[in-house]
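Visitor: Can you keep this structure in mind? I'll have questions shortly.
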Amino acid sequence: MTAAADVPVKATRLPGMAVALVLASAVVMAVLVLLPLFIVFHDAFAKGVQAYAAAIREPDALAAIRLTLLVAAIAVPLNAVFGVAAAWCIAKFEFRGKSVLLTLIDLPFSISPVVSGLVWVLLFGAQGWFGTWLIDHDIKIIFATTGLVLATILVTFPFVARELIPLMQDQGADEEAAALTLGAGGFTTFWKITIPNIKWALLYGVLLCNARAMGEFGAVSVVSGHIRGQTTTLPLHVEVLYNDYDFVGAFAAASLLASLGLVTLVLKTALEWRHSGELSAGRRH
Amino acid sequence: MTDQAVLPSGPVPGGAGAPVQAERRRRSRWVEQSILPGFPVAMGITLTYLGAIVVLPLIALTIRPWELGLDGVWKALTDERVAAALKLSFGLSAIAALVNAPLGLLLAWTLTRYEFPGRRILDALVDLPFALPTAVAGIALTAIYAPNGPLGALFAKVGIKTAYSPVGIFIALVFIGLPFVVRALQPVMQDQDREVEEAAQTLGANSLQRAVFVVLPAIAPALISGVSLAFARAVGEYGSVVFIAGNLPMKTEIAPLLIVIKLEQYDYAGAAAVGLAMVAISFGALVLINTAQIFLARRGRR
C-alpha cells in the first residue's frame with residue numbers, strides 16, 4: 001500500500017508528494033474538524049473547573065440531561081424493533097413492492113430535520129389536523145415530551161434498519177431454513193440463529209441511532225417550544241444558554257454532547273476494527 | 001398504511017376448498033412462498049410503524065400547503081424573503097458540496113493510498129462532523145469564526161467577514177458535508193485495480209496524467225454520489241448553520257430557518273409550502289445527479 005511500492009520509476013519524486021498530501025490532509029482535518037472540537041472544551045473551561053461544574057449541576061441543565069435520556073430511551077428501542085422487523089421482511093422474503101419499501105425507509109435521511117419537526121406540528125399543532133381534537137381531550141403533543149419523541153423517532157428512523165438490511169441480505173436464509181428443517185421453532189430459530197448473526201450490526205445501528213437521538217437539534221427545536229427545564233433537551237439547552245450570552249454554560253452543556261459524540265466515535269471505530277466481518281459490507285475497512 | 005390492506009395480512013387461514021386456493025393464489029402474487037415464519041407479523045409491524053411515522057406526516061406535508069390555493073403557494077414561495085432564503089440555501093449548498101469534492105478527494109486519496117503513522121486515527125476522525133451534534137458544531141464554529149475568534153480575527157485582518165455572513169454559512173456546510181464525499185470515495189479507491197495505473201505508467205504517463213485520465217474517470221460516479229449526498233444534507237442543515245449565519249432577512253436567512261419563523265407566526269400552510277418546496281427541489285436535483293451518475297458509470301465501463 002505504500003507509495004513507493006508501486007512506483008519503480010521516478011521513485012524519488014513520489015514520496016515527496018505523498019508527504020505533502022498527507023500533511024495537507026492533516027492540516028485540513030485539524031483546521032476544519034478538530035479545531036471546533038477543541039474550542040468546545042476550551043470555552044467550556046474558560047472560567048475554570050468550578051464554573052464548568054456549576055453550569056452542569058444547574059437544575060435546568062440536569063432537567064435537560066434527564067429529558068434527553070428519556071427521549072432516547074423511548075425512540076431508540078422503538079426504531080431498533082422496527083429495524084429488525086423491516087430487515088427480517090426485506091432480507092428473508094421475496095415480495096412485491098420491496099424497492100418502494102426500501103425507498104420509504106431511507107426517506108427520512110433525505111428530509112431536513114426542520115421539516116421532520118414541522119410535519120408533526122402540521123398534524124398535532126394548535127392548527128394541525130388533529131389539533132382541535134387534542135385540545136378537546138386535553139392531550140398535549142407539541143411543546144411536550146411526546147412531540148420531542150416523535151420528532152426524534154422520525155429523524156433517527158432509518159439507522160438500525162439500514163445497518164441490518166444489507167447484512168441480512170448477504171447472510172440469506174439458509175441457516176434459518178436449516179434450523180427449521182431440523183425441527184426448531186420459529187422463535188427459537190430467531191433467537192439462536194438470526195440474533196447472534198446480526199448482533200454486532202444491531203449494536204452498531206443502535207449506537208448511531210442513539211448518538212443522533214441525543215444530539216438532534218433541528219427537529220426537536222421545532223416541536224419543543226423551548227420551555228426551560230421542561231421541554232429543552234440538552235442540545236436545546238445549549239441554544240437557550242448561548243442566546244442568553246451564557247457562553248460557559250452553553251459550552252459546558254455542549255461539552256457533554258461532544259463527549260457523547262467522541263465516545264460514539266470510539267465505540268463505532270472499535271466495532272469496525274474488531275467485527276468488520278459481521279457488519280454491513282460498506283462498514284468493512 | 002394503504003399498502004397494508006393490499007399486502008397479505010396473515011398466513012393462509014384453516015378454511016378448506018376453493019377459498020384456501022384463492023387465498024394462496026392471492027398471497028403468492030405478492031410474496032413468494034418461504035419456509036421461514038414471521039412474515040405477516042414483521043410486515044405488520046413494519047408497515048404500521050412506517051405508516052404512522054413516515055407516510056402520514058409526509059401526506060400532511062404534501063397536502064397542507066394547498067390550503068393557500070395554487071396562487072397562495074406561488075405567492076408564499078416567490079415572496080422576496082422566502083425566495084432569497086431558498087436561493088441562499090441551495091446556492092451555498094451547491095458551492096460547499098463542490099468545494100468538498102477536492103477536499104474529499106485529497107483525504108480519500110491519502111487514506112487509501114499511503115501508509116503513515118496516525119492513518120487510522122485520521123480515518124476515524126473523518127466521521128467527527130457526523131458524530132458531533134449539530135448545535136455543538138454550530139456554536140463551536142461560531143466561536144472560531146466570530147470577529148474575535150481565532151480564525152475569524154485572522155480573516156477580519158484581510159477584510160473578510162466570516163461569521164454572520166454567507167462565508168460563515170459556507171464554512172459550516174463544508175464542515176458537515178466533508179464525511180459524505182470521503183466515505184463515498186474510500187471503498188471505490190480501495191478496490192481500484194492498480195494494474196491499469198501501472199499499465200499507463202509503463203506507457204509513459206506521469207503521475208498527474210494517471211490521476212486525471214485513469215483514476216478520476218473510474219471514481220467519478222462515487223464522487224458524484226458523495227457530492228450529491230453532501231449537497232442534500234447541506235440544503236436541510238439547520239443546527240450547525242443557524243448560529244453562525246447571523247440570520248439577517250434577505251441576506252443570511254437559510255430556508256429551514258424560514259420554516260421555523262413561519263411556524264412561530266402560526267403560518268402552518270406557509271411553512272409547509274417552504275418545506276415541500278425544499279423537498280421537491282432537493283428531489284429534483286438528486287434525480288438529475290443520479291441520471292448524470294448512471295450516464296458516467298456507463299461511459300466508464302466502455
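Ordering of the C-alpha cells sets the chain letters (A, B, ...); residue numbers start at 1 within each chain; ligands are numbered from 1 in the order shown.
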Using DSSP on the backbone coordinates, identify the residues of stretch 44-288 of chain B assigned to helix (DSSP H, G or I); present them as a ChimeraX atom specification.

Guide: /B:44-78,80-113,119-125,128-131,134-145,150-157,166-191,194-202,207-236,239-245,255-264,268-288

Visitor: Quick one: everything within 12 Å of B:Leu50, counting only C-alpha atoms, minus sequence neighbours fewer than 5 positions away in the same chain. Send it as a ChimeraX atom specification.

Guide: /A:78-79,82-83,85-86,100-108,153-154,157-158,161 /B:1-4,42-45,55-58

Visitor: Convert the current residue selection to file output with N, CA, C and O atoms, as a compact mmCIF listing (two decimals), in the first residue's frame.

Guide:
```txt
# COMPACT_ATOMS: atom_id res chain seq x y z
N LEU A 78 -37.67 1.66 20.03
CA LEU A 78 -38.73 1.54 19.03
C LEU A 78 -38.13 1.40 17.63
O LEU A 78 -38.54 0.54 16.84
N ASN A 79 -37.15 2.25 17.32
CA ASN A 79 -36.53 2.17 16.00
C ASN A 79 -35.73 0.88 15.82
O ASN A 79 -35.60 0.38 14.72
N PHE A 82 -38.32 -1.83 15.07
CA PHE A 82 -38.74 -1.63 13.69
C PHE A 82 -37.65 -2.10 12.72
O PHE A 82 -37.92 -2.77 11.73
N GLY A 83 -36.40 -1.74 13.03
CA GLY A 83 -35.29 -2.08 12.14
C GLY A 83 -35.17 -3.58 11.95
O GLY A 83 -34.99 -4.07 10.83
N ALA A 85 -37.58 -5.86 12.44
CA ALA A 85 -38.76 -6.36 11.73
C ALA A 85 -38.65 -6.07 10.23
O ALA A 85 -38.89 -6.95 9.39
N ALA A 86 -38.27 -4.83 9.89
CA ALA A 86 -38.18 -4.46 8.48
C ALA A 86 -37.09 -5.27 7.78
O ALA A 86 -37.29 -5.76 6.66
N VAL A 100 -40.00 -0.06 -3.19
CA VAL A 100 -40.75 1.08 -2.66
C VAL A 100 -40.57 1.16 -1.15
O VAL A 100 -40.31 2.22 -0.58
N LEU A 101 -40.65 0.00 -0.51
CA LEU A 101 -40.48 -0.06 0.94
C LEU A 101 -39.10 0.44 1.34
O LEU A 101 -38.95 1.23 2.27
N LEU A 102 -38.07 0.00 0.60
CA LEU A 102 -36.70 0.43 0.89
C LEU A 102 -36.55 1.95 0.75
O LEU A 102 -35.92 2.60 1.58
N THR A 103 -37.15 2.49 -0.31
CA THR A 103 -37.08 3.93 -0.52
C THR A 103 -37.74 4.68 0.64
O THR A 103 -37.20 5.66 1.14
N LEU A 104 -38.91 4.19 1.05
CA LEU A 104 -39.63 4.87 2.14
C LEU A 104 -38.83 4.81 3.44
O LEU A 104 -38.82 5.76 4.22
N ILE A 105 -38.14 3.69 3.67
CA ILE A 105 -37.34 3.57 4.90
C ILE A 105 -36.18 4.56 4.89
O ILE A 105 -35.85 5.16 5.91
N ASP A 106 -35.58 4.76 3.71
CA ASP A 106 -34.45 5.69 3.61
C ASP A 106 -34.86 7.15 3.60
O ASP A 106 -34.05 8.04 3.85
N LEU A 107 -36.13 7.39 3.28
CA LEU A 107 -36.62 8.75 3.06
C LEU A 107 -36.27 9.75 4.18
O LEU A 107 -35.79 10.85 3.89
N PRO A 108 -36.47 9.39 5.45
CA PRO A 108 -36.20 10.38 6.50
C PRO A 108 -34.77 10.94 6.47
O PRO A 108 -34.55 12.06 6.93
N ILE A 153 -37.85 10.20 16.72
CA ILE A 153 -38.05 8.91 16.04
C ILE A 153 -37.96 9.09 14.53
O ILE A 153 -37.30 8.31 13.83
N LEU A 154 -38.61 10.13 14.01
CA LEU A 154 -38.60 10.33 12.56
C LEU A 154 -37.18 10.58 12.04
O LEU A 154 -36.76 10.04 11.03
N PHE A 157 -35.11 7.35 12.25
CA PHE A 157 -35.88 6.20 11.75
C PHE A 157 -35.04 5.16 11.01
O PHE A 157 -35.12 3.97 11.31
N PRO A 158 -34.20 5.55 10.02
CA PRO A 158 -33.57 4.50 9.20
C PRO A 158 -32.32 3.85 9.79
O PRO A 158 -31.86 2.85 9.25
N ALA A 161 -32.39 -0.10 10.68
CA ALA A 161 -32.81 -0.86 9.50
C ALA A 161 -31.72 -0.85 8.43
O ALA A 161 -31.41 -1.87 7.82
N MET B 1 -49.31 2.51 4.90
CA MET B 1 -50.65 2.45 5.50
C MET B 1 -51.64 1.83 4.55
O MET B 1 -52.29 0.85 4.86
N THR B 2 -51.71 2.37 3.35
CA THR B 2 -52.66 1.81 2.40
C THR B 2 -52.18 0.46 1.91
O THR B 2 -53.00 -0.41 1.62
N ASP B 3 -50.86 0.30 1.85
CA ASP B 3 -50.32 -0.98 1.37
C ASP B 3 -50.79 -2.14 2.24
O ASP B 3 -50.93 -3.25 1.78
N GLN B 4 -51.02 -1.82 3.50
CA GLN B 4 -51.34 -2.88 4.43
C GLN B 4 -52.57 -3.65 4.01
O GLN B 4 -52.65 -4.86 4.18
N ALA B 42 -43.93 -9.46 11.07
CA ALA B 42 -42.87 -8.49 10.81
C ALA B 42 -43.35 -7.43 9.83
O ALA B 42 -43.09 -6.24 10.00
N MET B 43 -44.06 -7.86 8.79
CA MET B 43 -44.55 -6.90 7.81
C MET B 43 -45.60 -6.00 8.43
O MET B 43 -45.66 -4.80 8.12
N GLY B 44 -46.43 -6.56 9.32
CA GLY B 44 -47.43 -5.75 10.01
C GLY B 44 -46.77 -4.64 10.82
O GLY B 44 -47.15 -3.47 10.73
N ILE B 45 -45.76 -5.02 11.61
CA ILE B 45 -45.03 -4.02 12.40
C ILE B 45 -44.42 -2.97 11.48
O ILE B 45 -44.57 -1.76 11.68
N VAL B 55 -45.16 7.96 6.57
CA VAL B 55 -46.12 8.21 5.49
C VAL B 55 -47.16 9.27 5.89
O VAL B 55 -47.35 10.25 5.18
N LEU B 56 -47.79 9.09 7.04
CA LEU B 56 -48.84 10.04 7.46
C LEU B 56 -48.29 11.47 7.57
O LEU B 56 -48.87 12.41 7.00
N PRO B 57 -47.15 11.68 8.25
CA PRO B 57 -46.61 13.05 8.31
C PRO B 57 -46.29 13.62 6.93
O PRO B 57 -46.52 14.80 6.69
N LEU B 58 -45.78 12.78 6.02
CA LEU B 58 -45.44 13.30 4.70
C LEU B 58 -46.67 13.62 3.88
O LEU B 58 -46.67 14.54 3.06
```

Visitor: At a cut-off of 12 Å, using only C-alpha atoms, what residues contact A:Ala80? Leave out same-chain residues fewer than 2 positions from it and give the result as a ChimeraX atom specification.

Guide: /A:72-78,82-87,153,156-164,199,201-210 /B:45-46,49

Visitor: Quick one: write out the picked residues with N, CA and C atoms as a short mmCIF file (atom, residue, chain, number, x, y, z; two decimals), in the first residue's frame?

Guide:
```cif
data_model
loop_
_atom_site.label_atom_id
_atom_site.label_comp_id
_atom_site.auth_asym_id
_atom_site.auth_seq_id
_atom_site.Cartn_x
_atom_site.Cartn_y
_atom_site.Cartn_z
N ALA A 72 -34.36 9.52 24.25
CA ALA A 72 -33.57 8.49 23.57
C ALA A 72 -34.02 7.10 24.03
N ALA A 73 -34.36 6.97 25.32
CA ALA A 73 -34.75 5.66 25.84
C ALA A 73 -36.06 5.17 25.22
N ILE A 74 -36.88 6.08 24.74
CA ILE A 74 -38.12 5.67 24.06
C ILE A 74 -37.87 5.49 22.56
N ALA A 75 -37.19 6.47 21.96
CA ALA A 75 -37.05 6.47 20.49
C ALA A 75 -36.15 5.34 19.99
N VAL A 76 -35.03 5.11 20.66
CA VAL A 76 -34.05 4.14 20.15
C VAL A 76 -34.59 2.70 20.15
N PRO A 77 -35.16 2.21 21.27
CA PRO A 77 -35.69 0.84 21.23
C PRO A 77 -36.78 0.66 20.18
N LEU A 78 -37.67 1.66 20.03
CA LEU A 78 -38.73 1.54 19.03
C LEU A 78 -38.13 1.40 17.63
N PHE A 82 -38.32 -1.83 15.07
CA PHE A 82 -38.74 -1.63 13.69
C PHE A 82 -37.65 -2.10 12.72
N GLY A 83 -36.40 -1.74 13.03
CA GLY A 83 -35.29 -2.08 12.14
C GLY A 83 -35.17 -3.58 11.95
N VAL A 84 -35.30 -4.33 13.05
CA VAL A 84 -35.19 -5.79 12.96
C VAL A 84 -36.36 -6.35 12.16
N ALA A 85 -37.58 -5.86 12.44
CA ALA A 85 -38.76 -6.36 11.73
C ALA A 85 -38.65 -6.07 10.23
N ALA A 86 -38.27 -4.83 9.89
CA ALA A 86 -38.18 -4.46 8.48
C ALA A 86 -37.09 -5.27 7.78
N ALA A 87 -35.95 -5.45 8.46
CA ALA A 87 -34.86 -6.19 7.84
C ALA A 87 -35.24 -7.66 7.66
N ILE A 153 -37.85 10.20 16.72
CA ILE A 153 -38.05 8.91 16.04
C ILE A 153 -37.96 9.09 14.53
N THR A 156 -34.32 9.65 13.37
CA THR A 156 -33.41 8.51 13.51
C THR A 156 -34.00 7.22 12.94
N PHE A 157 -35.11 7.35 12.25
CA PHE A 157 -35.88 6.20 11.75
C PHE A 157 -35.04 5.16 11.01
N PRO A 158 -34.20 5.55 10.02
CA PRO A 158 -33.57 4.50 9.20
C PRO A 158 -32.32 3.85 9.79
N PHE A 159 -31.75 4.40 10.88
CA PHE A 159 -30.41 3.98 11.31
C PHE A 159 -30.26 2.46 11.48
N VAL A 160 -31.10 1.83 12.28
CA VAL A 160 -30.93 0.40 12.56
C VAL A 160 -31.28 -0.43 11.32
N ALA A 161 -32.39 -0.10 10.68
CA ALA A 161 -32.81 -0.86 9.50
C ALA A 161 -31.72 -0.85 8.43
N ARG A 162 -31.12 0.32 8.25
CA ARG A 162 -30.10 0.47 7.21
C ARG A 162 -28.85 -0.36 7.47
N GLU A 163 -28.50 -0.54 8.74
CA GLU A 163 -27.35 -1.38 9.06
C GLU A 163 -27.68 -2.85 8.83
N LEU A 164 -28.91 -3.24 9.21
CA LEU A 164 -29.26 -4.66 9.20
C LEU A 164 -29.60 -5.19 7.81
N LYS A 199 -25.87 -9.53 15.76
CA LYS A 199 -25.78 -8.75 17.00
C LYS A 199 -24.86 -7.54 16.89
N ALA A 201 -23.93 -5.83 14.17
CA ALA A 201 -24.53 -4.82 13.28
C ALA A 201 -25.68 -4.12 13.99
N LEU A 202 -26.44 -4.89 14.77
CA LEU A 202 -27.55 -4.30 15.53
C LEU A 202 -27.02 -3.29 16.54
N LEU A 203 -25.95 -3.66 17.23
CA LEU A 203 -25.33 -2.76 18.19
C LEU A 203 -24.82 -1.50 17.50
N TYR A 204 -24.21 -1.70 16.33
CA TYR A 204 -23.68 -0.59 15.55
C TYR A 204 -24.80 0.39 15.17
N GLY A 205 -25.90 -0.17 14.70
CA GLY A 205 -27.04 0.67 14.32
C GLY A 205 -27.61 1.40 15.52
N VAL A 206 -27.75 0.70 16.64
CA VAL A 206 -28.30 1.30 17.86
C VAL A 206 -27.39 2.43 18.34
N LEU A 207 -26.09 2.20 18.23
CA LEU A 207 -25.11 3.21 18.65
C LEU A 207 -25.28 4.51 17.87
N LEU A 208 -25.35 4.39 16.54
CA LEU A 208 -25.51 5.57 15.70
C LEU A 208 -26.87 6.23 15.93
N CYS A 209 -27.89 5.40 16.07
CA CYS A 209 -29.25 5.89 16.30
C CYS A 209 -29.30 6.68 17.61
N ASN A 210 -28.67 6.13 18.64
CA ASN A 210 -28.66 6.79 19.95
C ASN A 210 -27.92 8.13 19.90
N ILE B 45 -45.76 -5.02 11.61
CA ILE B 45 -45.03 -4.02 12.40
C ILE B 45 -44.42 -2.97 11.48
N THR B 46 -43.73 -3.45 10.43
CA THR B 46 -43.04 -2.55 9.53
C THR B 46 -43.98 -1.52 8.92
N TYR B 49 -45.72 0.96 11.56
CA TYR B 49 -44.77 1.93 12.07
C TYR B 49 -44.38 2.92 10.97
#
```

Visitor: Please report the interatomic distance between atom CA of B:Gly152 and atom CA of B:Leu248 in Å with one decimal.

Guide: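 Separation of atom CA of B:Gly152 and atom CA of B:Leu248: 18.9 Å.
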
Visitor: Please, what distance in Å, to one decimal, runs between atom CA of A:Ala253 and atom CA of B:Leu154?

Guide: 27.8 Å

Visitor: Just the residues within 8 Å of stretch 223-238 of chain B, please, counting only C-alpha atoms, with nothing from its chain fewer than 6 positions along; format it as an mmCIF file with N, CA, C and O atoms, in the first residue's frame.

Guide:
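Output (part_9.cif):
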```
data_model
loop_
_atom_site.group_PDB
_atom_site.id
_atom_site.type_symbol
_atom_site.label_atom_id
_atom_site.label_comp_id
_atom_site.auth_asym_id
_atom_site.auth_seq_id
_atom_site.Cartn_x
_atom_site.Cartn_y
_atom_site.Cartn_z
ATOM 1 N N SER A 110 -33.209 11.939 3.893
ATOM 2 C CA SER A 110 -33.059 12.999 2.909
ATOM 3 C C SER A 110 -33.982 14.179 3.191
ATOM 4 O O SER A 110 -34.104 15.077 2.382
ATOM 5 N N ILE A 111 -34.641 14.153 4.347
ATOM 6 C CA ILE A 111 -35.517 15.270 4.704
ATOM 7 C C ILE A 111 -34.797 16.164 5.713
ATOM 8 O O ILE A 111 -34.129 15.672 6.616
ATOM 9 N N SER A 112 -34.951 17.459 5.566
ATOM 10 C CA SER A 112 -34.352 18.394 6.520
ATOM 11 C C SER A 112 -34.892 18.121 7.923
ATOM 12 O O SER A 112 -36.081 17.874 8.096
ATOM 13 N N PRO A 113 -34.030 18.159 8.943
ATOM 14 C CA PRO A 113 -34.507 17.961 10.315
ATOM 15 C C PRO A 113 -35.651 18.909 10.672
ATOM 16 O O PRO A 113 -36.591 18.518 11.361
ATOM 17 N N VAL A 114 -35.566 20.133 10.175
ATOM 18 C CA VAL A 114 -36.629 21.096 10.481
ATOM 19 C C VAL A 114 -37.968 20.624 9.905
ATOM 20 O O VAL A 114 -39.013 20.724 10.554
ATOM 21 N N GLY A 218 -32.431 20.290 15.161
ATOM 22 C CA GLY A 218 -33.406 20.952 14.298
ATOM 23 C C GLY A 218 -34.837 20.473 14.502
ATOM 24 O O GLY A 218 -35.745 21.277 14.700
ATOM 25 N N SER B 89 -29.890 29.022 0.410
ATOM 26 C CA SER B 89 -29.694 27.645 0.863
ATOM 27 C C SER B 89 -29.186 26.750 -0.265
ATOM 28 O O SER B 89 -28.202 26.029 -0.104
ATOM 29 N N PHE B 90 -29.864 26.800 -1.405
ATOM 30 C CA PHE B 90 -29.474 25.902 -2.496
ATOM 31 C C PHE B 90 -28.155 26.330 -3.124
ATOM 32 O O PHE B 90 -27.313 25.494 -3.449
ATOM 33 N N SER B 93 -25.254 25.601 -0.660
ATOM 34 C CA SER B 93 -25.097 24.151 -0.529
ATOM 35 C C SER B 93 -24.371 23.588 -1.738
ATOM 36 O O SER B 93 -23.519 22.706 -1.601
ATOM 37 N N ALA B 94 -24.709 24.101 -2.917
ATOM 38 C CA ALA B 94 -24.053 23.619 -4.140
ATOM 39 C C ALA B 94 -22.570 23.977 -4.120
ATOM 40 O O ALA B 94 -21.709 23.129 -4.397
ATOM 41 N N ALA B 96 -20.676 24.651 -1.489
ATOM 42 C CA ALA B 96 -19.992 23.894 -0.435
ATOM 43 C C ALA B 96 -19.760 22.452 -0.878
ATOM 44 O O ALA B 96 -18.688 21.888 -0.654
ATOM 45 N N ALA B 97 -20.763 21.851 -1.525
ATOM 46 C CA ALA B 97 -20.621 20.464 -1.973
ATOM 47 C C ALA B 97 -19.515 20.358 -3.023
ATOM 48 O O ALA B 97 -18.734 19.397 -3.024
ATOM 49 N N LEU B 98 -19.426 21.353 -3.904
ATOM 50 C CA LEU B 98 -18.383 21.330 -4.931
ATOM 51 C C LEU B 98 -16.993 21.508 -4.317
ATOM 52 O O LEU B 98 -16.029 20.877 -4.757
ATOM 53 N N ASN B 100 -16.251 20.533 -1.396
ATOM 54 C CA ASN B 100 -15.980 19.270 -0.719
ATOM 55 C C ASN B 100 -15.376 18.234 -1.654
ATOM 56 O O ASN B 100 -14.731 17.292 -1.193
ATOM 57 N N ALA B 101 -15.572 18.389 -2.960
ATOM 58 C CA ALA B 101 -15.038 17.400 -3.909
ATOM 59 C C ALA B 101 -13.507 17.322 -3.843
ATOM 60 O O ALA B 101 -12.967 16.236 -3.578
ATOM 61 N N THR B 134 -25.241 18.734 15.886
ATOM 62 C CA THR B 134 -25.163 19.925 15.036
ATOM 63 C C THR B 134 -25.122 21.227 15.833
ATOM 64 O O THR B 134 -24.421 22.153 15.454
ATOM 65 N N LEU B 173 -21.298 24.493 6.106
ATOM 66 C CA LEU B 173 -21.793 23.478 5.165
ATOM 67 C C LEU B 173 -20.662 22.594 4.647
ATOM 68 O O LEU B 173 -20.857 21.403 4.397
ATOM 69 N N ILE B 176 -19.993 20.007 7.535
ATOM 70 C CA ILE B 176 -20.900 18.857 7.679
ATOM 71 C C ILE B 176 -20.931 17.974 6.437
ATOM 72 O O ILE B 176 -21.327 16.821 6.503
ATOM 73 N N GLY B 177 -20.486 18.499 5.277
ATOM 74 C CA GLY B 177 -20.576 17.704 4.046
ATOM 75 C C GLY B 177 -19.367 16.822 3.787
ATOM 76 O O GLY B 177 -19.467 15.822 3.077
ATOM 77 N N LEU B 178 -18.226 17.196 4.390
ATOM 78 C CA LEU B 178 -16.967 16.507 4.078
ATOM 79 C C LEU B 178 -17.015 14.972 4.227
ATOM 80 O O LEU B 178 -16.576 14.254 3.322
ATOM 81 N N PHE B 180 -19.326 12.862 3.851
ATOM 82 C CA PHE B 180 -20.098 12.188 2.800
ATOM 83 C C PHE B 180 -19.220 11.888 1.592
ATOM 84 O O PHE B 180 -19.277 10.803 1.024
ATOM 85 N N VAL B 181 -18.405 12.883 1.185
ATOM 86 C CA VAL B 181 -17.565 12.699 -0.004
ATOM 87 C C VAL B 181 -16.461 11.678 0.273
ATOM 88 O O VAL B 181 -16.237 10.760 -0.507
ATOM 89 N N VAL B 182 -15.795 11.816 1.426
ATOM 90 C CA VAL B 182 -14.699 10.889 1.747
ATOM 91 C C VAL B 182 -15.221 9.458 1.812
ATOM 92 O O VAL B 182 -14.648 8.540 1.217
ATOM 93 N N ARG B 183 -16.340 9.255 2.527
ATOM 94 C CA ARG B 183 -16.868 7.900 2.713
ATOM 95 C C ARG B 183 -17.416 7.306 1.420
ATOM 96 O O ARG B 183 -17.474 6.086 1.282
ATOM 97 N N ALA B 184 -17.839 8.144 0.496
ATOM 98 C CA ALA B 184 -18.315 7.616 -0.795
ATOM 99 C C ALA B 184 -17.125 7.172 -1.641
ATOM 100 O O ALA B 184 -17.196 6.178 -2.358
ATOM 101 N N LEU B 185 -16.012 7.905 -1.547
ATOM 102 C CA LEU B 185 -14.858 7.617 -2.400
ATOM 103 C C LEU B 185 -14.025 6.442 -1.890
ATOM 104 O O LEU B 185 -13.509 5.649 -2.678
ATOM 105 N N ALA B 255 -33.261 28.589 4.323
ATOM 106 C CA ALA B 255 -34.642 28.135 4.145
ATOM 107 C C ALA B 255 -35.211 27.426 5.381
ATOM 108 O O ALA B 255 -36.347 27.706 5.774
ATOM 109 N N PRO B 256 -34.452 26.505 6.018
ATOM 110 C CA PRO B 256 -35.035 25.851 7.202
ATOM 111 C C PRO B 256 -35.406 26.854 8.299
ATOM 112 O O PRO B 256 -36.401 26.671 8.989
ATOM 113 N N LEU B 257 -34.618 27.921 8.433
ATOM 114 C CA LEU B 257 -34.932 28.922 9.456
ATOM 115 C C LEU B 257 -36.258 29.606 9.140
ATOM 116 O O LEU B 257 -37.041 29.919 10.036
ATOM 117 N N MET B 278 -38.651 22.722 -0.541
ATOM 118 C CA MET B 278 -37.297 22.226 -0.277
ATOM 119 C C MET B 278 -37.172 20.762 -0.653
ATOM 120 O O MET B 278 -36.219 20.346 -1.318
ATOM 121 N N SER B 282 -34.822 19.492 -3.774
ATOM 122 C CA SER B 282 -33.746 18.524 -3.496
ATOM 123 C C SER B 282 -33.961 17.253 -4.286
ATOM 124 O O SER B 282 -33.035 16.671 -4.848
ATOM 125 N N LEU B 286 -31.529 15.633 -7.008
ATOM 126 C CA LEU B 286 -30.974 14.292 -6.849
ATOM 127 C C LEU B 286 -31.255 13.418 -8.066
ATOM 128 O O LEU B 286 -30.410 12.627 -8.492
ATOM 129 N N ILE B 289 -28.800 14.445 -10.687
ATOM 130 C CA ILE B 289 -27.461 13.958 -10.359
ATOM 131 C C ILE B 289 -27.364 12.448 -10.603
ATOM 132 O O ILE B 289 -26.387 11.953 -11.151
ATOM 133 N N ASN B 290 -28.426 11.724 -10.192
ATOM 134 C CA ASN B 290 -28.446 10.273 -10.414
ATOM 135 C C ASN B 290 -28.342 9.935 -11.886
ATOM 136 O O ASN B 290 -27.652 8.989 -12.271
ATOM 137 N N GLN B 293 -24.939 10.358 -13.005
ATOM 138 C CA GLN B 293 -24.103 9.303 -12.461
ATOM 139 C C GLN B 293 -24.230 8.016 -13.283
ATOM 140 O O GLN B 293 -23.232 7.376 -13.611
#
```

Visitor: So which residues touch A:Ala55 within 9 Å, counting only C-alpha atoms, skipping near sequence neighbours fewer than 3 positions away, as number ranges by chain?

Guide: A: 50-52, 58, 61, 248-250, 252-253

Visitor: Keeping only C-alpha atoms, write those residues as a short mmCIF file (atom, residue, chain, number, x, y, z; two decimals), in the first residue's frame.

Guide:
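Full text of again-v6.cif as output:
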```cif
data_model
loop_
_atom_site.label_atom_id
_atom_site.label_comp_id
_atom_site.auth_asym_id
_atom_site.auth_seq_id
_atom_site.Cartn_x
_atom_site.Cartn_y
_atom_site.Cartn_z
CA GLN A 50 -15.79 25.33 39.18
CA ALA A 51 -17.78 27.43 36.73
CA TYR A 52 -17.96 24.35 34.50
CA GLU A 58 -27.66 23.72 37.46
CA ALA A 61 -29.14 21.52 32.88
CA VAL A 248 -19.60 28.98 29.67
CA GLY A 249 -22.95 27.32 30.37
CA ALA A 250 -23.61 26.72 26.68
CA ALA A 252 -20.28 23.18 29.22
CA ALA A 253 -23.53 21.56 28.09
#
```

Visitor: Using only C-alpha atoms, which of the listed residues (A:Ser259, A:Thr146, A:Thr231, A:Ser280) sits closest to chain B?

Guide: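 Once distances to chain B are computed over only C-alpha atoms, the minimum belongs to A:Ser259.
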
Visitor: Which residue out of A:Ala64, A:Ala30, A:Ile142, A:Ala254 has the minimum interatomic distance to chain B when only C-alpha atoms are used?

Guide: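 Going through A:Ala64, A:Ala30, A:Ile142, A:Ala254 one by one, the smallest distance to chain B is for A:Ala254.
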
Visitor: In terms of the shortest atom-to-atom distance over only C-alpha atoms, which of A:Val223, A:Ala24, A:Cys89, A:Leu123 is closest to A:Thr145?

Guide: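 Looking only at the distances to A:Thr145, the closest residue turns out to be A:Val223.
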
Visitor: Rounded to one decimal in Å, what is the spacing between atom CA of B:Val287 and atom CA of B:Gly51?

Guide: 24.4 Å

Visitor: Can you pull out every residue within 8 Å of stretch 64-71 of chain B, counting only C-alpha atoms, but drop anything in the same chain fewer than 3 positions away, and send it as a PyMOL selection string?

Guide: (chain A and resi 122) or (chain B and resi 60-61+74-75+268-273+276)

Visitor: Considering only C-alpha atoms, state which residue in the set A:Leu37, A:Leu134, A:Ile193, A:Ala54 is at the smallest distance from chain B.

Guide: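 So, comparing all the options, the nearest one is A:Leu37.
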